[in-house]
file model36.csv (CSV, C-alpha atoms)
chain,number,residue,atom,x,y,z
A,1345,MET,CA,-16.9,39.3,-19.7
A,1346,ALA,CA,-20.6,38.9,-18.8
A,1347,LEU,CA,-23.1,41.0,-20.7
A,1348,SER,CA,-24.3,42.8,-17.6
A,1349,GLU,CA,-20.7,43.8,-16.7
A,1350,ALA,CA,-20.0,44.9,-20.3
A,1351,LEU,CA,-23.1,47.1,-20.3
A,1352,ARG,CA,-22.1,48.6,-16.9
A,1353,ASN,CA,-18.6,49.5,-18.4
A,1354,ILE,CA,-20.2,51.0,-21.5
A,1355,ALA,CA,-22.5,53.1,-19.4
A,1356,ALA,CA,-19.7,54.2,-17.0
A,1357,ASN,CA,-17.6,55.3,-20.0
A,1358,TYR,CA,-20.4,57.4,-21.5
A,1359,ARG,CA,-21.1,59.0,-18.1
A,1360,PHE,CA,-17.5,59.8,-17.6
A,1361,HIS,CA,-17.1,61.5,-20.9
A,1362,ALA,CA,-20.3,63.4,-20.4
A,1363,SER,CA,-18.8,64.9,-17.2
A,1364,LEU,CA,-15.8,66.4,-19.1
A,1365,ARG,CA,-15.8,69.7,-20.9
A,1366,GLY,CA,-14.4,70.1,-24.4
A,1367,GLY,CA,-14.5,68.0,-27.6
A,1368,LEU,CA,-17.7,66.2,-26.4
A,1369,ALA,CA,-19.0,65.4,-29.9
A,1370,ALA,CA,-15.7,64.0,-31.1
A,1371,ARG,CA,-15.2,61.9,-27.9
A,1372,LEU,CA,-18.6,60.4,-27.9
A,1373,GLY,CA,-18.4,59.8,-31.6
A,1374,TYR,CA,-15.1,57.9,-31.1
A,1375,LEU,CA,-16.6,55.9,-28.2
A,1376,THR,CA,-19.7,55.0,-30.3
A,1377,ALA,CA,-17.5,53.9,-33.3
A,1378,TYR,CA,-15.5,51.7,-31.0
A,1379,TYR,CA,-18.5,49.9,-29.5
A,1380,LEU,CA,-20.2,49.5,-32.9
A,1381,ILE,CA,-17.1,47.8,-34.4
A,1382,PHE,CA,-16.8,45.7,-31.2
A,1383,ILE,CA,-20.4,44.5,-31.6
A,1384,CYS,CA,-20.0,43.7,-35.3
A,1385,LEU,CA,-16.9,41.5,-34.8
A,1386,ARG,CA,-17.4,37.8,-34.3
A,1387,SER,CA,-13.8,36.6,-34.2
A,1388,GLY,CA,-10.3,37.6,-33.2
A,1389,ASP,CA,-9.4,40.1,-30.5
A,1390,ARG,CA,-12.6,42.1,-30.2
A,1391,HIS,CA,-11.0,44.6,-27.8
A,1392,LEU,CA,-7.9,45.3,-29.8
A,1393,ARG,CA,-9.1,45.2,-33.4
A,1394,PRO,CA,-11.5,48.2,-33.1
A,1395,LEU,CA,-8.6,50.3,-31.7
A,1396,VAL,CA,-6.3,49.3,-34.6
A,1397,TRP,CA,-9.0,50.1,-37.2
A,1398,LEU,CA,-9.7,53.5,-35.6
A,1399,LYS,CA,-6.0,54.3,-35.5
A,1400,ARG,CA,-5.6,53.4,-39.2
A,1401,SER,CA,-8.6,55.5,-40.1
A,1402,GLY,CA,-7.0,58.5,-38.6
A,1403,LEU,CA,-9.7,59.1,-35.9
A,1404,SER,CA,-7.5,58.1,-33.0
A,1405,ASP,CA,-5.0,60.9,-33.7
A,1406,HIS,CA,-7.7,63.7,-33.6
A,1407,LEU,CA,-6.8,66.0,-30.8
A,1408,VAL,CA,-9.2,67.5,-28.3
A,1409,GLU,CA,-8.9,69.7,-25.2
A,1410,VAL,CA,-10.8,68.5,-22.1
A,1411,GLU,CA,-11.3,69.8,-18.6
A,1412,THR,CA,-12.3,67.5,-15.8
A,1413,PRO,CA,-14.7,68.4,-13.0
A,1414,GLU,CA,-11.6,68.8,-10.7
A,1415,GLY,CA,-10.2,71.4,-13.1
A,1416,LEU,CA,-7.4,69.4,-14.8
A,1417,ARG,CA,-6.9,70.5,-18.4
A,1418,LEU,CA,-5.5,68.2,-21.0
A,1419,ARG,CA,-4.9,68.2,-24.7
A,1420,LEU,CA,-4.8,64.6,-25.9
A,1421,ASP,CA,-5.8,62.3,-28.8
A,1422,LEU,CA,-9.1,60.5,-28.9
A,1423,HIS,CA,-7.5,57.1,-28.2
A,1424,THR,CA,-5.9,58.4,-25.0
A,1425,ALA,CA,-9.2,60.0,-24.0
A,1426,PHE,CA,-10.9,56.6,-24.6
A,1427,ASP,CA,-8.4,54.4,-22.7
A,1428,PRO,CA,-5.8,55.9,-20.2
A,1429,LEU,CA,-7.9,58.9,-19.3
A,1430,PHE,CA,-10.9,56.8,-18.4
A,1431,SER,CA,-9.0,54.1,-16.6
A,1432,ILE,CA,-7.0,56.5,-14.5
A,1433,LEU,CA,-9.5,59.2,-13.7
A,1434,CYS,CA,-12.6,57.1,-13.6
A,1435,GLU,CA,-11.5,53.5,-12.7
A,1436,GLY,CA,-8.7,54.7,-10.5
A,1437,ASP,CA,-5.9,52.7,-12.1
A,1438,TYR,CA,-2.6,53.4,-10.1
A,1439,VAL,CA,-4.3,55.7,-7.6
A,1440,ALA,CA,-7.4,53.8,-6.2
A,1441,PRO,CA,-5.7,52.3,-3.0
A,1442,PRO,CA,-5.5,55.1,-0.5
A,1443,ASP,CA,-1.8,54.5,0.1
A,1444,PHE,CA,-1.1,54.9,-3.6
A,1445,ALA,CA,-2.9,58.2,-3.9
A,1446,PRO,CA,-0.3,61.0,-4.4
A,1447,ALA,CA,-0.2,63.2,-1.3
A,1448,PRO,CA,1.1,66.7,-0.5
A,1449,GLY,CA,4.9,66.9,-0.4
A,1450,GLN,CA,5.6,63.5,-2.0
A,1451,VAL,CA,8.0,62.8,-4.9
A,1452,VAL,CA,6.4,60.7,-7.7
A,1453,LEU,CA,8.0,59.1,-10.7
A,1454,ASP,CA,5.9,58.3,-13.8
A,1455,MET,CA,7.7,55.9,-16.1
A,1456,GLY,CA,5.8,55.9,-19.4
A,1457,ALA,CA,3.9,59.1,-18.9
A,1458,ASN,CA,2.2,59.2,-22.3
A,1459,VAL,CA,0.6,62.7,-22.5
A,1460,GLY,CA,0.6,63.2,-18.8
A,1461,THR,CA,-2.8,62.1,-17.4
A,1462,TYR,CA,-1.3,60.4,-14.3
A,1463,SER,CA,1.5,63.0,-14.0
A,1464,ILE,CA,-0.8,66.0,-14.1
A,1465,LEU,CA,-3.1,64.4,-11.5
A,1466,ALA,CA,-0.2,63.6,-9.3
A,1467,ALA,CA,1.5,67.0,-9.7
A,1468,ARG,CA,-1.8,68.7,-8.6
A,1469,ARG,CA,-2.1,66.4,-5.6
A,1470,VAL,CA,1.5,66.6,-4.3
A,1471,GLY,CA,1.4,70.4,-4.5
A,1472,PRO,CA,4.3,72.9,-4.6
A,1473,GLU,CA,6.2,71.1,-1.9
A,1474,GLY,CA,6.2,67.9,-3.8
A,1475,ALA,CA,7.6,66.9,-7.3
A,1476,VAL,CA,6.6,64.7,-10.2
A,1477,VAL,CA,9.1,63.4,-12.7
A,1478,ALA,CA,7.4,62.3,-16.0
A,1479,VAL,CA,9.4,60.1,-18.3
A,1480,GLU,CA,8.1,59.7,-21.9
A,1481,PRO,CA,10.1,58.6,-25.0
A,1482,PHE,CA,7.7,59.2,-27.9
A,1483,PRO,CA,8.1,62.7,-29.4
A,1484,ALA,CA,4.5,63.5,-30.1
A,1485,ASN,CA,3.4,62.3,-26.6
A,1486,PHE,CA,6.2,64.2,-25.0
A,1487,GLU,CA,5.1,67.4,-26.8
A,1488,LEU,CA,1.6,67.0,-25.5
A,1489,LEU,CA,2.9,66.1,-22.0
A,1490,THR,CA,5.0,69.3,-21.7
A,1491,GLY,CA,2.1,71.4,-23.1
A,1492,ASN,CA,-0.3,69.9,-20.5
A,1493,ALA,CA,2.1,70.7,-17.7
A,1494,ALA,CA,2.2,74.3,-18.8
A,1495,ARG,CA,-1.6,74.4,-19.4
A,1496,ASN,CA,-2.1,73.5,-15.8
A,1497,GLY,CA,0.6,75.8,-14.4
A,1498,LEU,CA,2.5,72.9,-12.8
A,1499,GLY,CA,6.0,74.1,-12.0
A,1500,ASN,CA,6.5,71.0,-9.9
A,1501,LEU,CA,6.4,68.6,-12.9
A,1502,ARG,CA,9.7,67.8,-14.6
A,1503,ALA,CA,9.3,66.1,-18.0
A,1504,VAL,CA,12.2,63.9,-19.3
A,1505,ARG,CA,12.2,62.7,-22.9
A,1506,ALA,CA,13.6,59.2,-22.5
A,1507,ALA,CA,12.7,55.5,-22.0
A,1508,GLY,CA,13.3,53.7,-18.7
A,1509,ASP,CA,15.6,50.6,-18.9
A,1510,SER,CA,18.0,48.5,-16.9
A,1511,SER,CA,21.0,50.5,-18.2
A,1512,ALA,CA,21.5,53.9,-19.6
A,1513,GLY,CA,22.4,54.6,-23.2
A,1514,GLU,CA,20.7,54.8,-26.6
A,1515,GLY,CA,17.9,52.6,-27.9
A,1516,VAL,CA,15.1,52.2,-30.4
A,1517,LEU,CA,11.4,52.7,-29.7
A,1518,TYR,CA,9.1,50.7,-31.9
A,1519,VAL,CA,6.0,52.7,-32.9
A,1520,HIS,CA,2.7,50.8,-32.6
A,1521,ASP,CA,-0.6,51.1,-34.5
A,1522,ARG,CA,-2.1,52.3,-31.2
A,1523,CYS,CA,-1.1,55.7,-29.8
A,1524,ILE,CA,-0.1,54.3,-26.4
A,1525,ASN,CA,1.6,51.0,-27.1
A,1526,HIS,CA,5.0,52.1,-28.4
A,1527,SER,CA,7.6,49.7,-27.0
A,1528,LEU,CA,11.3,48.9,-26.8
A,1529,VAL,CA,10.7,45.2,-27.2
A,1530,ARG,CA,7.8,44.7,-29.6
A,1531,PRO,CA,9.2,45.4,-33.1
A,1532,THR,CA,6.9,47.0,-35.7
A,1533,GLY,CA,7.5,48.6,-39.1
A,1534,SER,CA,8.6,51.9,-37.8
A,1535,SER,CA,10.8,53.2,-35.0
A,1536,VAL,CA,12.5,56.2,-33.5
A,1537,PRO,CA,15.8,56.6,-31.6
A,1538,VAL,CA,15.5,57.2,-27.9
A,1539,ARG,CA,17.6,58.0,-24.9
A,1540,LEU,CA,17.6,55.2,-22.3
A,1541,VAL,CA,17.8,56.1,-18.6
A,1542,THR,CA,17.7,54.1,-15.3
A,1543,VAL,CA,15.7,55.2,-12.4
A,1544,ASP,CA,18.8,55.2,-10.3
A,1545,SER,CA,20.8,57.5,-12.6
A,1546,LEU,CA,17.8,59.8,-13.2
A,1547,LEU,CA,17.2,60.5,-9.5
A,1548,GLY,CA,20.9,61.4,-9.2
A,1549,GLU,CA,20.8,63.5,-12.3
A,1550,LEU,CA,17.8,65.5,-11.0
A,1551,GLY,CA,19.2,65.7,-7.5
A,1552,LEU,CA,16.2,64.1,-5.8
A,1553,GLY,CA,16.8,62.6,-2.3
A,1554,ARG,CA,13.4,61.1,-1.9
A,1555,LEU,CA,11.0,58.8,-3.8
A,1556,ASP,CA,7.5,58.0,-2.5
A,1557,LEU,CA,5.6,56.5,-5.5
A,1558,VAL,CA,6.5,54.9,-8.8
A,1559,LYS,CA,4.1,54.3,-11.6
A,1560,ILE,CA,5.3,52.1,-14.5
A,1561,ASP,CA,3.4,51.6,-17.8
A,1562,THR,CA,6.2,50.9,-20.4
A,1563,GLU,CA,4.7,48.2,-22.6
A,1564,GLY,CA,6.7,45.2,-21.9
A,1565,THR,CA,9.7,46.5,-20.0
A,1566,ALA,CA,8.5,46.9,-16.4
A,1567,ALA,CA,11.1,44.3,-15.2
A,1568,ARG,CA,13.9,46.2,-17.0
A,1569,VAL,CA,12.8,49.5,-15.4
A,1570,LEU,CA,12.8,47.9,-12.0
A,1571,ARG,CA,16.2,46.3,-12.5
A,1572,GLY,CA,17.5,49.8,-13.2
A,1573,ALA,CA,15.8,51.1,-10.0
A,1574,ARG,CA,17.2,48.6,-7.5
A,1575,GLU,CA,19.3,51.1,-5.6
A,1576,SER,CA,16.5,53.6,-5.3
A,1577,LEU,CA,14.0,50.9,-4.2
A,1578,ARG,CA,16.4,49.7,-1.5
A,1579,ARG,CA,17.1,53.2,-0.3
A,1580,TYR,CA,13.8,55.0,-0.5
A,1581,ARG,CA,11.3,52.0,-0.3
A,1582,PRO,CA,8.6,53.7,-2.5
A,1583,ARG,CA,5.3,52.1,-3.3
A,1584,VAL,CA,5.3,50.8,-6.9
A,1585,ALA,CA,2.3,50.4,-9.3
A,1586,TYR,CA,2.9,48.8,-12.6
A,1587,GLU,CA,0.7,47.4,-15.5
A,1588,HIS,CA,0.7,43.6,-15.8
A,1589,ASP,CA,-0.3,42.8,-19.4
A,1590,ASN,CA,-0.2,39.0,-18.8
A,1591,THR,CA,3.2,38.6,-20.4
A,1592,ALA,CA,6.5,37.2,-18.9
A,1593,ASP,CA,7.5,40.8,-18.3
A,1594,GLY,CA,4.8,41.3,-15.6
A,1595,ASP,CA,5.9,38.1,-13.8
A,1596,GLU,CA,9.5,39.1,-14.0
A,1597,ALA,CA,8.7,42.5,-12.6
A,1598,GLY,CA,7.0,40.8,-9.7
A,1599,ALA,CA,10.0,38.6,-9.1
A,1600,VAL,CA,12.3,41.6,-9.0
A,1601,LEU,CA,10.1,43.3,-6.4
A,1602,ARG,CA,9.7,40.2,-4.2
A,1603,GLU,CA,13.5,39.9,-4.1
A,1604,LEU,CA,13.6,43.4,-2.8
A,1605,GLY,CA,11.1,42.6,0.0
A,1606,TYR,CA,7.9,43.9,-1.6
A,1607,ALA,CA,4.4,42.4,-1.2
A,1608,LEU,CA,2.3,42.4,-4.3
A,1609,GLU,CA,-1.5,42.8,-4.8
A,1610,ARG,CA,-3.1,42.7,-8.3
A,1611,VAL,CA,-6.3,44.6,-9.1
A,1612,ARG,CA,-7.4,44.1,-12.7
A,1613,THR,CA,-4.3,44.8,-14.8
A,1614,ILE,CA,-2.5,46.8,-12.2
A,1615,VAL,CA,-0.1,45.3,-9.6
A,1616,TYR,CA,0.4,47.3,-6.4
A,1617,ALA,CA,3.7,46.6,-4.6
A,1618,ARG,CA,4.3,47.7,-1.0
A,1619,PRO,CA,7.6,47.4,0.9
A,1620,SER,CA,7.3,44.8,3.6
call {"tool": "encode", "arguments": {"input": "model36.csv", "output": "structure tokens"}}
result
Amino acid sequence: MALSEALRNIAANYRFHASLRGGLAARLGYLTAYYLIFICLRSGDRHLRPLVWLKRSGLSDHLVEVETPEGLRLRLDLHTAFDPLFSILCEGDYVAPPDFAPAPGQVVLDMGANVGTYSILAARRVGPEGAVVAVEPFPANFELLTGNAARNGLGNLRAVRAAGDSSAGEGVLYVHDRCINHSLVRPTGSSVPVRLVTVDSLLGELGLGRLDLVKIDTEGTAARVLRGARESLRRYRPRVAYEHDNTADGDEAGAVLRELGYALERVRTIVYARPS
């Protein structure tokens, strides 16, 4: 990354956080700590290592309540405020293309909802005639997710504590050093048991007869989630946005979608898939 681009990103991050109400000192302190560590590092993964250090120091887990200029209210940890909150609400990950912006009356599925940043935004935009299903397996994140739905008075958001997969059943979620990187396929020292669901079975379970948008951020299992969604993708032809983290999983997810007649466009780390 060029120095000028890095400086623009840093400035944008500070401007974004200054625009939010609540926990400002803690958020700016975390942001500053990250960039100071980043600057001091001379080797290794300079993006990941500061996040791991901040997590191990306990700073990442500090909770703040924020309110956006649009009136979205969220309780979240400082790491989530640093990364997903900024990338979704400021950089437009998953929602920047006009045809991927949730619209009134739509049904939206959020696989890997974390604390609900995307889900809360989507539920506000689809309105009372629409619906959002937020699927999140990690207990602490799920508790924040349900609290954020209540905090925003969103009766159209259904939270499901589970992990998406290619088949339903029981599984193990590995808990990562970062707050948002818990995964079914990346073993770590600790884990929690989780319920596994497929998109196809979940839509039937919830009695949904429509699906317009699917967002997937499941840390290495996007292809598995899509394999468990084949029937729904064929039937409803929703648009799909998923994170491509430059692993085989991202490529396999693209292959599944192409087989189903989708055209793919990548913007930064997000792949936008449209039915042909």
call {"tool": "residues_around", "arguments": {"input": "model36.csv", "residues": "A:Leu1517", "least_positions_apart": "5", "cutoff": "7 Å", "atoms": "all atoms listed in the file", "output": "PyMOL selection string"}}
result
chain A and resi 1526-1528+1535-1538
call {"tool": "residues_around", "arguments": {"input": "model36.csv", "residues": "A:Phe1426", "least_positions_apart": "6", "cutoff": "9 Å", "atoms": "all atoms listed in the file", "output": "JSON, numbers by chain"}}
result
{"A": [1357, 1361, 1371, 1374, 1375]}
call {"tool": "closest_residue", "arguments": {"input": "model36.csv", "among": "A:Arg1571, A:Arg1602, A:Lys1399, A:Arg1554", "to": "A:Ala1475", "atoms": "only C-alpha atoms"}}
result
A:Arg1554
call {"tool": "residues_around", "arguments": {"input": "model36.csv", "residues": "A:Tyr1462", "least_positions_apart": "4", "cutoff": "12 Å", "atoms": "all atoms listed in the file", "output": "PyMOL selection string"}}
result
chain A and resi 1416+1418+1424+1428-1434+1436-1439+1445-1446+1452-1458+1466-1469+1476-1479+1489+1492-1493+1501+1557-1561+1585
call {"tool": "closest_residue", "arguments": {"input": "model36.csv", "among": "A:Ala1362, A:Val1543, A:Ala1425, A:Cys1384", "to": "A:Ser1404", "atoms": "all atoms listed in the file"}}
result
A:Ala1425
call {"tool": "atom_distance", "arguments": {"input": "model36.csv", "atom1": "atom CA of A:Val1410", "atom2": "atom CA of A:Gly1367"}}
result
6.6 Å
call {"tool": "residues_near_point", "arguments": {"input": "model36.csv", "point": "(14.5, 53.7, -17.0)", "cutoff": "7 Å", "atoms": "only C-alpha atoms", "output": "PyMOL selection string"}}
result
chain A and resi 1507-1510+1540-1543+1569+1572
call {"tool": "atom_distance", "arguments": {"input": "model36.csv", "atom1": "atom CA of A:Val1519", "atom2": "atom CA of A:Glu1487"}}
result
15.9 Å
call {"tool": "residues_near_point", "arguments": {"input": "model36.csv", "point": "(-6.1, 64.7, -31.6)", "cutoff": "9 Å", "atoms": "all atoms listed in the file", "output": "NGL selection string"}}
result
:A and (1403-1409 or 1419-1423)
call {"tool": "closest_residue", "arguments": {"input": "model36.csv", "among": "A:Pro1413, A:Thr1376, A:Arg1618, A:Glu1596", "to": "A:Asp1443", "atoms": "only C-alpha atoms"}}
result
A:Arg1618
call {"tool": "closest_residue", "arguments": {"input": "model36.csv", "among": "A:Tyr1580, A:His1520, A:Ser1401, A:Ala1377", "to": "A:Leu1547", "atoms": "all atoms listed in the file"}}
result
A:Tyr1580
call {"tool": "atom_distance", "arguments": {"input": "model36.csv", "atom1": "atom CA of A:Tyr1616", "atom2": "atom CA of A:Val1584"}}
result
6.0 Å
call {"tool": "closest_residue", "arguments": {"input": "model36.csv", "among": "A:Asp1595, A:Asn1485, A:Trp1397, A:Leu1351", "to": "A:Leu1385", "atoms": "only C-alpha atoms"}}
result
A:Trp1397
call {"tool": "decode", "arguments": {"input": "model36.csv", "residues": "stretch 1440-1461 of chain A", "atoms": "N, CA and C atoms", "output": "PDB file, in the first residue's frame"}}
result
ATOM      1  N   ALA A1440     -22.251  -1.247  -1.016  1.00  0.00           N
ATOM      2  CA  ALA A1440     -21.927  -0.117  -1.884  1.00  0.00           C
ATOM      3  C   ALA A1440     -22.586  -0.183  -3.265  1.00  0.00           C
ATOM      4  N   PRO A1441     -22.564  -1.325  -3.972  1.00  0.00           N
ATOM      5  CA  PRO A1441     -23.257  -1.366  -5.265  1.00  0.00           C
ATOM      6  C   PRO A1441     -24.749  -1.112  -5.065  1.00  0.00           C
ATOM      7  N   PRO A1442     -25.348  -0.245  -5.856  1.00  0.00           N
ATOM      8  CA  PRO A1442     -26.762   0.092  -5.649  1.00  0.00           C
ATOM      9  C   PRO A1442     -27.686  -1.118  -5.594  1.00  0.00           C
ATOM     10  N   ASP A1443     -27.406  -2.141  -6.397  1.00  0.00           N
ATOM     11  CA  ASP A1443     -28.297  -3.305  -6.403  1.00  0.00           C
ATOM     12  C   ASP A1443     -28.051  -4.246  -5.224  1.00  0.00           C
ATOM     13  N   PHE A1444     -27.061  -3.936  -4.386  1.00  0.00           N
ATOM     14  CA  PHE A1444     -26.830  -4.711  -3.169  1.00  0.00           C
ATOM     15  C   PHE A1444     -27.256  -3.959  -1.915  1.00  0.00           C
ATOM     16  N   ALA A1445     -27.736  -2.746  -2.076  1.00  0.00           N
ATOM     17  CA  ALA A1445     -28.220  -1.984  -0.931  1.00  0.00           C
ATOM     18  C   ALA A1445     -29.595  -2.512  -0.532  1.00  0.00           C
ATOM     19  N   PRO A1446     -29.781  -2.970   0.707  1.00  0.00           N
ATOM     20  CA  PRO A1446     -31.092  -3.469   1.127  1.00  0.00           C
ATOM     21  C   PRO A1446     -32.176  -2.434   0.884  1.00  0.00           C
ATOM     22  N   ALA A1447     -33.323  -2.890   0.366  1.00  0.00           N
ATOM     23  CA  ALA A1447     -34.410  -1.987  -0.012  1.00  0.00           C
ATOM     24  C   ALA A1447     -35.700  -2.404   0.683  1.00  0.00           C
ATOM     25  N   PRO A1448     -36.660  -1.488   0.791  1.00  0.00           N
ATOM     26  CA  PRO A1448     -37.919  -1.794   1.481  1.00  0.00           C
ATOM     27  C   PRO A1448     -38.577  -3.074   0.963  1.00  0.00           C
ATOM     28  N   GLY A1449     -39.008  -3.911   1.901  1.00  0.00           N
ATOM     29  CA  GLY A1449     -39.731  -5.125   1.565  1.00  0.00           C
ATOM     30  C   GLY A1449     -38.881  -6.334   1.279  1.00  0.00           C
ATOM     31  N   GLN A1450     -37.564  -6.178   1.194  1.00  0.00           N
ATOM     32  CA  GLN A1450     -36.712  -7.312   0.853  1.00  0.00           C
ATOM     33  C   GLN A1450     -36.497  -8.246   2.050  1.00  0.00           C
ATOM     34  N   VAL A1451     -36.112  -9.490   1.718  1.00  0.00           N
ATOM     35  CA  VAL A1451     -35.691 -10.464   2.724  1.00  0.00           C
ATOM     36  C   VAL A1451     -34.181 -10.645   2.582  1.00  0.00           C
ATOM     37  N   VAL A1452     -33.464 -10.431   3.674  1.00  0.00           N
ATOM     38  CA  VAL A1452     -32.002 -10.428   3.673  1.00  0.00           C
ATOM     39  C   VAL A1452     -31.491 -11.482   4.655  1.00  0.00           C
ATOM     40  N   LEU A1453     -30.473 -12.219   4.243  1.00  0.00           N
ATOM     41  CA  LEU A1453     -29.865 -13.243   5.088  1.00  0.00           C
ATOM     42  C   LEU A1453     -28.418 -12.863   5.372  1.00  0.00           C
ATOM     43  N   ASP A1454     -28.062 -12.770   6.649  1.00  0.00           N
ATOM     44  CA  ASP A1454     -26.712 -12.408   7.073  1.00  0.00           C
ATOM     45  C   ASP A1454     -26.061 -13.614   7.738  1.00  0.00           C
ATOM     46  N   MET A1455     -25.184 -14.282   7.000  1.00  0.00           N
ATOM     47  CA  MET A1455     -24.489 -15.465   7.515  1.00  0.00           C
ATOM     48  C   MET A1455     -23.141 -15.035   8.089  1.00  0.00           C
ATOM     49  N   GLY A1456     -23.013 -15.123   9.405  1.00  0.00           N
ATOM     50  CA  GLY A1456     -21.834 -14.614  10.092  1.00  0.00           C
ATOM     51  C   GLY A1456     -22.083 -13.177  10.489  1.00  0.00           C
ATOM     52  N   ALA A1457     -23.113 -12.969  11.308  1.00  0.00           N
ATOM     53  CA  ALA A1457     -23.607 -11.617  11.593  1.00  0.00           C
ATOM     54  C   ALA A1457     -22.775 -10.865  12.611  1.00  0.00           C
ATOM     55  N   ASN A1458     -21.886 -11.556  13.352  1.00  0.00           N
ATOM     56  CA  ASN A1458     -21.105 -10.901  14.389  1.00  0.00           C
ATOM     57  C   ASN A1458     -22.055 -10.211  15.378  1.00  0.00           C
ATOM     58  N   VAL A1459     -21.857  -8.940  15.672  1.00  0.00           N
ATOM     59  CA  VAL A1459     -22.729  -8.254  16.640  1.00  0.00           C
ATOM     60  C   VAL A1459     -23.886  -7.534  15.956  1.00  0.00           C
ATOM     61  N   GLY A1460     -23.957  -7.646  14.615  1.00  0.00           N
ATOM     62  CA  GLY A1460     -25.130  -7.145  13.918  1.00  0.00           C
ATOM     63  C   GLY A1460     -24.981  -5.863  13.138  1.00  0.00           C
ATOM     64  N   THR A1461     -23.769  -5.411  12.856  1.00  0.00           N
ATOM     65  CA  THR A1461     -23.613  -4.144  12.130  1.00  0.00           C
ATOM     66  C   THR A1461     -24.376  -4.161  10.811  1.00  0.00           C
TER      67      THR A1461
END
